[in-house]
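The next block is final-v2.txt, given as compact mmCIF, C-alpha atoms.
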# COMPACT_ATOMS: atom_id res chain seq x y z
CA MET A 4 19.73 204.28 -126.51
CA LYS A 5 23.35 203.28 -127.08
CA LYS A 6 26.06 205.40 -125.55
CA PRO A 7 28.69 206.54 -128.07
CA LEU A 8 32.02 204.75 -127.84
CA LEU A 9 35.16 206.72 -127.26
CA LYS A 10 37.29 206.92 -130.38
CA ILE A 11 40.80 205.44 -130.25
CA MET A 12 42.10 208.44 -132.21
CA VAL A 13 41.43 210.68 -129.21
CA ASP A 14 44.78 211.28 -127.52
CA TYR A 15 43.51 210.44 -124.03
CA VAL A 16 41.91 207.16 -125.15
CA PHE A 17 45.01 206.18 -127.15
CA LYS A 18 47.18 206.69 -124.06
CA LEU A 19 44.79 204.70 -121.87
CA ILE A 20 44.91 201.74 -124.23
CA PHE A 21 48.51 201.69 -125.47
CA GLY A 22 50.23 203.42 -122.55
CA ASP A 23 49.09 201.02 -119.83
CA GLN A 24 51.31 198.08 -118.87
CA ARG A 25 48.15 196.00 -118.33
CA ASN A 26 47.49 196.27 -122.09
CA ILE A 27 51.01 195.35 -123.17
CA ASP A 28 49.71 192.61 -125.50
CA ILE A 29 47.71 195.20 -127.45
CA LEU A 30 50.74 197.48 -127.68
CA ALA A 31 52.96 194.56 -128.76
CA GLY A 32 50.52 193.65 -131.54
CA PHE A 33 50.45 197.25 -132.74
CA LEU A 34 54.25 197.55 -132.72
CA LYS A 35 54.70 194.22 -134.51
CA ALA A 36 52.40 195.48 -137.29
CA ALA A 37 54.19 198.84 -137.56
CA LEU A 38 57.88 198.08 -136.95
CA ASN A 39 60.44 195.72 -138.37
CA LEU A 40 62.12 194.50 -135.17
CA PRO A 41 63.21 190.97 -134.32
CA GLU A 42 60.37 189.00 -132.71
CA ALA A 43 62.37 188.57 -129.47
CA GLU A 44 62.28 192.35 -128.85
CA TYR A 45 58.59 192.06 -127.99
CA ASP A 46 59.11 189.38 -125.32
CA SER A 47 59.56 191.93 -122.56
CA LEU A 48 58.04 195.33 -123.35
CA THR A 49 57.84 197.90 -120.59
CA VAL A 50 55.85 201.12 -120.69
CA VAL A 51 58.05 203.84 -119.19
CA ASP A 52 57.54 207.42 -118.01
CA PRO A 53 56.63 209.46 -121.12
CA ASN A 54 57.97 212.73 -119.71
CA LEU A 55 61.15 213.85 -121.42
CA LYS A 56 63.68 215.24 -118.99
CA ARG A 57 64.73 218.86 -119.17
CA GLU A 58 68.48 219.32 -119.18
CA PHE A 59 68.48 223.07 -118.53
CA GLU A 60 66.05 225.41 -116.80
CA GLY A 61 64.92 227.04 -120.05
CA ASP A 62 64.35 223.76 -121.91
CA LYS A 63 60.92 223.08 -123.32
CA ALA A 64 59.04 220.21 -121.71
CA GLY A 65 58.00 217.21 -123.76
CA VAL A 66 55.50 214.46 -123.05
CA LEU A 67 55.28 211.53 -125.42
CA ASP A 68 51.99 209.74 -125.98
CA VAL A 69 53.56 206.37 -125.15
CA LYS A 70 57.19 205.53 -124.41
CA VAL A 71 58.15 201.87 -124.33
CA ARG A 72 61.38 199.92 -123.81
CA THR A 73 61.98 196.59 -125.57
CA LYS A 74 63.73 193.48 -124.28
CA THR A 75 67.20 194.72 -125.30
CA GLY A 76 66.64 198.34 -124.27
CA ILE A 77 65.43 199.91 -127.50
CA VAL A 78 63.26 202.91 -126.57
CA ILE A 79 60.28 203.60 -128.83
CA ASP A 80 58.10 206.71 -128.99
CA VAL A 81 54.53 205.85 -130.06
CA GLU A 82 52.59 208.95 -131.13
CA ILE A 83 49.06 209.47 -132.44
CA GLN A 84 48.36 212.54 -134.55
CA VAL A 85 44.96 213.00 -136.17
CA SER A 86 45.74 216.13 -138.14
CA ALA A 87 48.96 217.74 -139.29
CA TYR A 88 49.93 221.17 -138.11
CA GLY A 89 52.88 223.45 -138.84
CA GLY A 90 55.06 222.57 -135.84
CA LEU A 91 54.66 218.80 -135.94
CA ARG A 92 57.96 218.00 -137.67
CA LYS A 93 59.90 220.30 -135.33
CA ARG A 94 58.21 218.81 -132.25
CA LEU A 95 58.89 215.21 -133.33
CA THR A 96 62.52 216.09 -134.10
CA GLU A 97 62.91 217.64 -130.65
CA TYR A 98 61.38 214.52 -129.05
CA ALA A 99 63.78 212.26 -130.95
CA VAL A 100 66.81 214.34 -129.95
CA LYS A 101 65.77 214.35 -126.28
CA MET A 102 65.26 210.59 -126.35
CA VAL A 103 68.79 210.09 -127.71
CA THR A 104 70.40 212.44 -125.20
CA GLU A 105 68.55 210.72 -122.34
CA GLN A 106 70.06 207.40 -123.35
CA ILE A 107 73.62 208.21 -124.40
CA LYS A 108 76.22 207.84 -121.64
CA ARG A 109 79.79 209.04 -121.30
CA GLY A 110 82.07 206.69 -123.20
CA ASP A 111 79.28 205.24 -125.39
CA ASN A 112 80.12 204.63 -129.02
CA TRP A 113 78.15 207.03 -131.25
CA GLY A 114 78.07 204.39 -134.00
CA GLN A 115 75.86 201.99 -132.02
Take the structure in the file and give it back as structure tokens.
Amino acid sequence: MKKPLLKIMVDYVFKLIFGDQRNIDILAGFLKAALNLPEAEYDSLTVVDPNLKREFEGDKAGVLDVKVRTKTGIVIDVEIQVSAYGGLRKRLTEYAVKMVTEQIKRGDNWGQ
């Protein structure tokens, strides 16, 4: 009797495959198919800590499925969502804002 395979759409399995530096070639192939970035960006991808930092004590925590940095420092959030729910847009917006505030430094040009 064959054992059932784990489905890639399961959050845990997705993170095991795409969120592991040992599988960076799989992640690179996925990103190349989904994004329009220069080919050189994929030369040095690094999976980074997916936990979004809290700035204040009352801030809500956030954990991305996969967070990756490209060769030139572009940070990408890779999320899997099987079904839509009411708070999805708000959650993704909050994640995007936290990712920007984590990266912006004093004196940086907002237009970059």
Inset, instruction - Do a neighbour search on A:Val66 at 10 Å with all atoms listed in the file, toss out local chain neighbours closer than 2 positions, and write the hits as a list in words. - result: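 With the cut-off at 10 Å, the set is Asp52, Pro53, Asn54, Leu55, Lys56, Ala64, Asp68, Val69, Lys70 and Tyr98 of chain A.
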Contact residues around A:Glu58 with all atoms listed in the file at 10 Å, ignoring same-chain residues under 3 positions, as a CSV table (one decimal) with C-alpha atoms, in the frame of the given file:
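After the write, part-v1.csv holds the following:
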chain,number,residue,atom,x,y,z
A,55,LEU,CA,61.2,213.8,-121.4
A,61,GLY,CA,64.9,227.0,-120.0
A,62,ASP,CA,64.4,223.8,-121.9
A,63,LYS,CA,60.9,223.1,-123.3
A,64,ALA,CA,59.0,220.2,-121.7
A,101,LYS,CA,65.8,214.4,-126.3
A,104,THR,CA,70.4,212.4,-125.2
A,105,GLU,CA,68.6,210.7,-122.3
Legend entry - Computed interatomic separation between atom CA of A:Val13 and atom CA of A:Gln84 (Å):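 Separation between atom CA of A:Val13 and atom CA of A:Gln84: 8.9 Å.
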Inset, instruction - Mind giving me the straight-line distance from atom CA of A:Thr75 to atom CA of A:Val50 in Å, one decimal? - result: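 Answer for the atom CA of A:Thr75 to atom CA of A:Val50 separation: 13.8 Å.
One finds atom CA of A:Leu91 at 18.2 Å from atom CA of A:Phe17.
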Legend entry - Among listed residues A:Arg94, A:Gln106, A:Ser86, A:Leu67, nearest A:Phe21 (using all atoms listed in the file): A:Leu67
Legend entry - All residues 9 Å or closer to stretch 23-35 of chain A, all atoms listed in the file, same chain fewer than 3 positions away omitted, as a ChimeraX atom specification: /A:18-20,38-40,42,45-46,48-51,69,81
